[in-house]
Structure formats: C-alpha cells, structure tokens
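For reference, the structure is listed below as structure tokens.
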Amino acid sequence: MVDDLGGLFRPARGVRRVVSLVPSLTEAIARTVPGLLVGATDWCVQPPGLGVVRVGGTKNPDVRKVVGLAPDLVVANFEENREADLDALRAAGVPVWVTVIRTIPEALTSLQRMLAACGQDTPAWLAEARTVWADVLREPPPAGVAAVVPIWRRPWMVLGRDTFAGDVLARLGVANVYAHADERYPKVSVDEMLRRRPGLVVLPDEPYAFSAVDGPETFPGLLVALVSGRHLEWYGPSLTEARRVLSASLPAPGPASSRWP
C-alpha cells in the first residue's frame with residue numbers, strides 16, 4: 001500500500017499499535033477501532049477522555065517517545081506535521097502514513113485509505129459523511145456570498161488557497177475572497193481585508209479562539225458569522241454533522257445572504 005504522497009507501507013504484521021500526530025486522524029481511528037491508538041498529540045482532544053500516551057504537539061512531537069511506543073504505524077498529515085520529524089521516525093524504522101487532505105472529496109478518500117492501512121473496513125461514520133455531502137461532492141454549488149476567513153490575529157492571518165476549510169465553505173455556498181492568494185494562510189491587514197469588500201466575515205473558534213467579544217468588533221458594519229472551528233477545519237467523524245452545524249451559523253445562501261437564517 002502507498003500513502004497519499006506515494007510512500008510505500010509494508011506492515012510486517014497486522015497493525016495493532018498506532019500513534020496519531022493529527023487531531024482529526026486521532027478521532028477517526030478512535031471512533032473506528034477503540035484500543036488501536038497507543039499515542040496521540042497534546043492537541044488530540046476528541047473523543048473526550050481518550051486514554052493514550054501524549055507525545056507532544058503536531059509541530060514538535062517527541063520523536064523518541066513515539067519510537068518508544070513501538071507503533072506498527074504513525075499517521076500524519078502533509079500540512080500538520082514537519083517532514084523532518086517524519087523522516088526521523090522513518091530513520092528509526094517506524095512506518096509512517098502521510099495524508100494529503102485539502103478538500104472534502106480528498107478527505108473521504110484519504111480517510112478510507114488510511115483506515116484500510118490500519119486493517120479496517122469503511123466505518124459507518126465515514127459512509128454517513130459521504131451521504132451527507134453527496135450532492136456537492138462533484139462540484140461546489142454557486143456561491144451566494146464572498147467571505148474573508150481570519151484564523152488568527154496579532155498578526156491577522158486568513159484562509160488562502162487550497163485549504164480544507166475553504167473547500168468546506170465553498171461546498172456550503174460561501175466563496176473565499178483569498179482563494180487565489182499565493183499562500184495558503186497569508187498575513188493581511190484589516191484594511192486589506194476591508195478593501196476586498198467581503199459580504200461576510202467568518203470567524204472560527206480555532207486555532208484562534210474568536211468569540212462574540214473578540215473579533216467581530218474589528219469589522220463594524222459587516223455581517224459576521226461565528227462558527228465552530230472543529231466543524232470547519234477537522235476532517236473525520238465531525239464531517240457527519242459539519243454541514244448541519246455550519247449551515248446553522250452561516251447566512252442563508254443566495255438572495256437571503258444579507259440576513260441571518
């Protein structure tokens with residue numbers, strides 16, 4: 001088997017011990033086969049009460065601790081994890097599976113392949129997620145509103161090109177003003193955002209914890225939607241409910257986009 005980057009994976013035996021370096025992948029595995037995970041990052045907070053060894057952050061995992069857990073497989077992501085850390089794990093003889101997920105269709109395919117590498121059939125939650133998004137998987141619907149999507153402040157950063165969260169919004173009828181930026185997460189000033197004259201500002205509660213008292217005041221006169229960062233940015237079991245949760249927080253598409261649903 002090969003991962004999303006074409007890396008070869010030849011398990012010496014059945015996969016019984018997995019370390020996840022990505023919160024979304026941690027939730028996907030834990031929901032599919034409880035007990036398979038032996039390690040995860042400090043940021044892996046789903047499902048609640050997950051009792052595994054913590055191995056540091058996504059960008060700074062404790063490689064020696066991961067190796068010490070003797071995993072049959074480490075699962076990672078091309079964006080979330082540093083290549084240097086993954087190379088160090090490979091050099092220590094640890095098989096690594098790297099996912100590439102920038103769109104909902106990629107997520108559904110990549111998650112199925114990753115779980116198959118773990119020896120698992122397609123779980124019910126993944127089949128449900130495919131059904132939930134089925135009508136917009138071929139192509140996104142026409143956009144009803146154009147939005148800027150800040151993900152950080154001090155400095156301000158926004159969603160740019162080729163991001164999973166941007167694709168989720170597109171399939172909900174929300175166009176990303178910075179979808180064609182040179183960077184995936186460009187740093188921009190508030191004045192620059194305002195010059196784009198967005199019809200909507202989408203503020204997720206992660207990675208920066210935007211809230212009703214932290215963020216909207218920066219965009220007076222603009223329609224602002226506070227949304228769940230997990231449902232916007234995570235790929236995994238959250239996809240089964242993301243469409244419903246996000247749609248309830250976003251303006252209605254089309255002519256109704258100037259009002260709350």
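Following the order of the structure tokens, chains are lettered A, B, ..., residues in each are numbered from 1, and ligands are numbered from 1.
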
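Using only C-alpha atoms, the residues found no farther than 9 Å from Asn77 (chain A), other than those of its own chain fewer than 5 positions away, are Leu21, Val22, Leu25, Arg82, Trp97, Val98, Thr99, Val100 and Ile101 of chain A.
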
Since we have the selection now, will you write its residues out, keeping all heavy atoms, as a PDB file, in the first residue's frame?
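Heads up, here's the output in part01.pdb:
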```pdb
ATOM      1  N   LEU A  21      -0.462  11.760  14.900  1.00  0.00           N
ATOM      2  CA  LEU A  21       0.109  13.093  15.092  1.00  0.00           C
ATOM      3  C   LEU A  21      -0.836  14.187  14.604  1.00  0.00           C
ATOM      4  O   LEU A  21      -0.422  15.335  14.425  1.00  0.00           O
ATOM      5  CB  LEU A  21       1.445  13.195  14.357  1.00  0.00           C
ATOM      6  CG  LEU A  21       2.530  12.207  14.807  1.00  0.00           C
ATOM      7  CD1 LEU A  21       3.816  12.439  14.022  1.00  0.00           C
ATOM      8  CD2 LEU A  21       2.786  12.299  16.312  1.00  0.00           C
ATOM      9  N   VAL A  22      -2.100  13.838  14.383  1.00  0.00           N
ATOM     10  CA  VAL A  22      -3.088  14.787  13.855  1.00  0.00           C
ATOM     11  C   VAL A  22      -4.414  14.606  14.593  1.00  0.00           C
ATOM     12  O   VAL A  22      -4.952  13.493  14.622  1.00  0.00           O
ATOM     13  CB  VAL A  22      -3.311  14.579  12.341  1.00  0.00           C
ATOM     14  CG1 VAL A  22      -4.271  15.630  11.795  1.00  0.00           C
ATOM     15  CG2 VAL A  22      -1.993  14.621  11.590  1.00  0.00           C
ATOM     16  N   LEU A  25      -7.200  12.796  12.598  1.00  0.00           N
ATOM     17  CA  LEU A  25      -6.933  11.380  12.369  1.00  0.00           C
ATOM     18  C   LEU A  25      -7.071  10.587  13.655  1.00  0.00           C
ATOM     19  O   LEU A  25      -7.510   9.429  13.642  1.00  0.00           O
ATOM     20  CB  LEU A  25      -5.535  11.206  11.778  1.00  0.00           C
ATOM     21  CG  LEU A  25      -5.259  11.965  10.472  1.00  0.00           C
ATOM     22  CD1 LEU A  25      -3.855  11.634   9.956  1.00  0.00           C
ATOM     23  CD2 LEU A  25      -6.312  11.638   9.416  1.00  0.00           C
ATOM     24  N   ARG A  82       5.778  18.217  10.420  1.00  0.00           N
ATOM     25  CA  ARG A  82       7.021  18.607   9.750  1.00  0.00           C
ATOM     26  C   ARG A  82       7.697  17.388   9.139  1.00  0.00           C
ATOM     27  O   ARG A  82       7.785  16.311   9.759  1.00  0.00           O
ATOM     28  CB  ARG A  82       7.970  19.278  10.734  1.00  0.00           C
ATOM     29  CG  ARG A  82       7.418  20.533  11.403  1.00  0.00           C
ATOM     30  CD  ARG A  82       8.488  21.194  12.241  1.00  0.00           C
ATOM     31  NE  ARG A  82       9.141  20.247  13.131  1.00  0.00           N
ATOM     32  CZ  ARG A  82      10.293  20.483  13.758  1.00  0.00           C
ATOM     33  NH1 ARG A  82      10.923  21.621  13.565  1.00  0.00           N
ATOM     34  NH2 ARG A  82      10.817  19.578  14.563  1.00  0.00           N
ATOM     35  N   TRP A  97       2.452   6.890   7.747  1.00  0.00           N
ATOM     36  CA  TRP A  97       1.424   7.067   6.719  1.00  0.00           C
ATOM     37  C   TRP A  97       1.050   8.542   6.685  1.00  0.00           C
ATOM     38  O   TRP A  97       0.604   9.099   7.689  1.00  0.00           O
ATOM     39  CB  TRP A  97       0.193   6.221   7.040  1.00  0.00           C
ATOM     40  CG  TRP A  97      -0.869   6.268   5.974  1.00  0.00           C
ATOM     41  CD1 TRP A  97      -1.835   7.219   5.825  1.00  0.00           C
ATOM     42  CD2 TRP A  97      -1.054   5.330   4.904  1.00  0.00           C
ATOM     43  NE1 TRP A  97      -2.613   6.943   4.735  1.00  0.00           N
ATOM     44  CE2 TRP A  97      -2.166   5.784   4.149  1.00  0.00           C
ATOM     45  CE3 TRP A  97      -0.409   4.163   4.532  1.00  0.00           C
ATOM     46  CZ2 TRP A  97      -2.635   5.098   3.028  1.00  0.00           C
ATOM     47  CZ3 TRP A  97      -0.880   3.472   3.422  1.00  0.00           C
ATOM     48  CH2 TRP A  97      -1.972   3.936   2.680  1.00  0.00           C
ATOM     49  N   VAL A  98       1.259   9.204   5.542  1.00  0.00           N
ATOM     50  CA  VAL A  98       1.015  10.635   5.418  1.00  0.00           C
ATOM     51  C   VAL A  98      -0.239  10.881   4.580  1.00  0.00           C
ATOM     52  O   VAL A  98      -0.352  10.372   3.463  1.00  0.00           O
ATOM     53  CB  VAL A  98       2.214  11.363   4.779  1.00  0.00           C
ATOM     54  CG1 VAL A  98       1.953  12.868   4.726  1.00  0.00           C
ATOM     55  CG2 VAL A  98       3.490  11.080   5.559  1.00  0.00           C
ATOM     56  N   THR A  99      -1.172  11.658   5.122  1.00  0.00           N
ATOM     57  CA  THR A  99      -2.383  12.016   4.399  1.00  0.00           C
ATOM     58  C   THR A  99      -2.213  13.383   3.742  1.00  0.00           C
ATOM     59  O   THR A  99      -1.482  14.246   4.233  1.00  0.00           O
ATOM     60  CB  THR A  99      -3.600  12.061   5.335  1.00  0.00           C
ATOM     61  OG1 THR A  99      -3.358  13.036   6.373  1.00  0.00           O
ATOM     62  CG2 THR A  99      -3.839  10.700   5.980  1.00  0.00           C
ATOM     63  N   VAL A 100      -2.913  13.576   2.626  1.00  0.00           N
ATOM     64  CA  VAL A 100      -2.986  14.872   1.946  1.00  0.00           C
ATOM     65  C   VAL A 100      -4.468  15.192   1.798  1.00  0.00           C
ATOM     66  O   VAL A 100      -5.179  14.534   1.031  1.00  0.00           O
ATOM     67  CB  VAL A 100      -2.304  14.844   0.569  1.00  0.00           C
ATOM     68  CG1 VAL A 100      -2.494  16.184  -0.144  1.00  0.00           C
ATOM     69  CG2 VAL A 100      -0.824  14.533   0.706  1.00  0.00           C
ATOM     70  N   ILE A 101      -4.931  16.184   2.548  1.00  0.00           N
ATOM     71  CA  ILE A 101      -6.366  16.494   2.579  1.00  0.00           C
ATOM     72  C   ILE A 101      -6.559  17.997   2.453  1.00  0.00           C
ATOM     73  O   ILE A 101      -6.226  18.756   3.360  1.00  0.00           O
ATOM     74  CB  ILE A 101      -7.015  15.969   3.883  1.00  0.00           C
ATOM     75  CG1 ILE A 101      -6.889  14.441   3.955  1.00  0.00           C
ATOM     76  CG2 ILE A 101      -8.461  16.405   3.978  1.00  0.00           C
ATOM     77  CD1 ILE A 101      -7.392  13.833   5.238  1.00  0.00           C
TER      78      ILE A 101
END
```

Pick out the residues sitting within 9 Å of Leu89 (chain A), and hand them over as a ChimeraX atom specification; count only C-alpha atoms, and ignore anything fewer than 2 positions along from it in its own chain. /A:63-64,66-67,74,84-87,91-96

Picked from region 3-245 of chain A by DSSP as helix (DSSP H, G or I), as a ChimeraX atom specification: /A:23-32,63-68,83-91,104-117,124-132,134-136,164-170,190-195,216-218,229-233,239-245

Neighbour list for Ala212 (chain A) as a VMD selection string, cut-off 10 Å, only C-alpha atoms, skip fewer than 6 positions in-chain: chain A and resid 203 224 to 226

Name the residues of region 70-232 of chain A that fall into strand (DSSP E) according to DSSP on the backbone, using the chain letters and numbers of this document, as a ChimeraX atom specification. /A:73-77,96-99,145-148,150-152,157-158,174-176,200-204,224-227
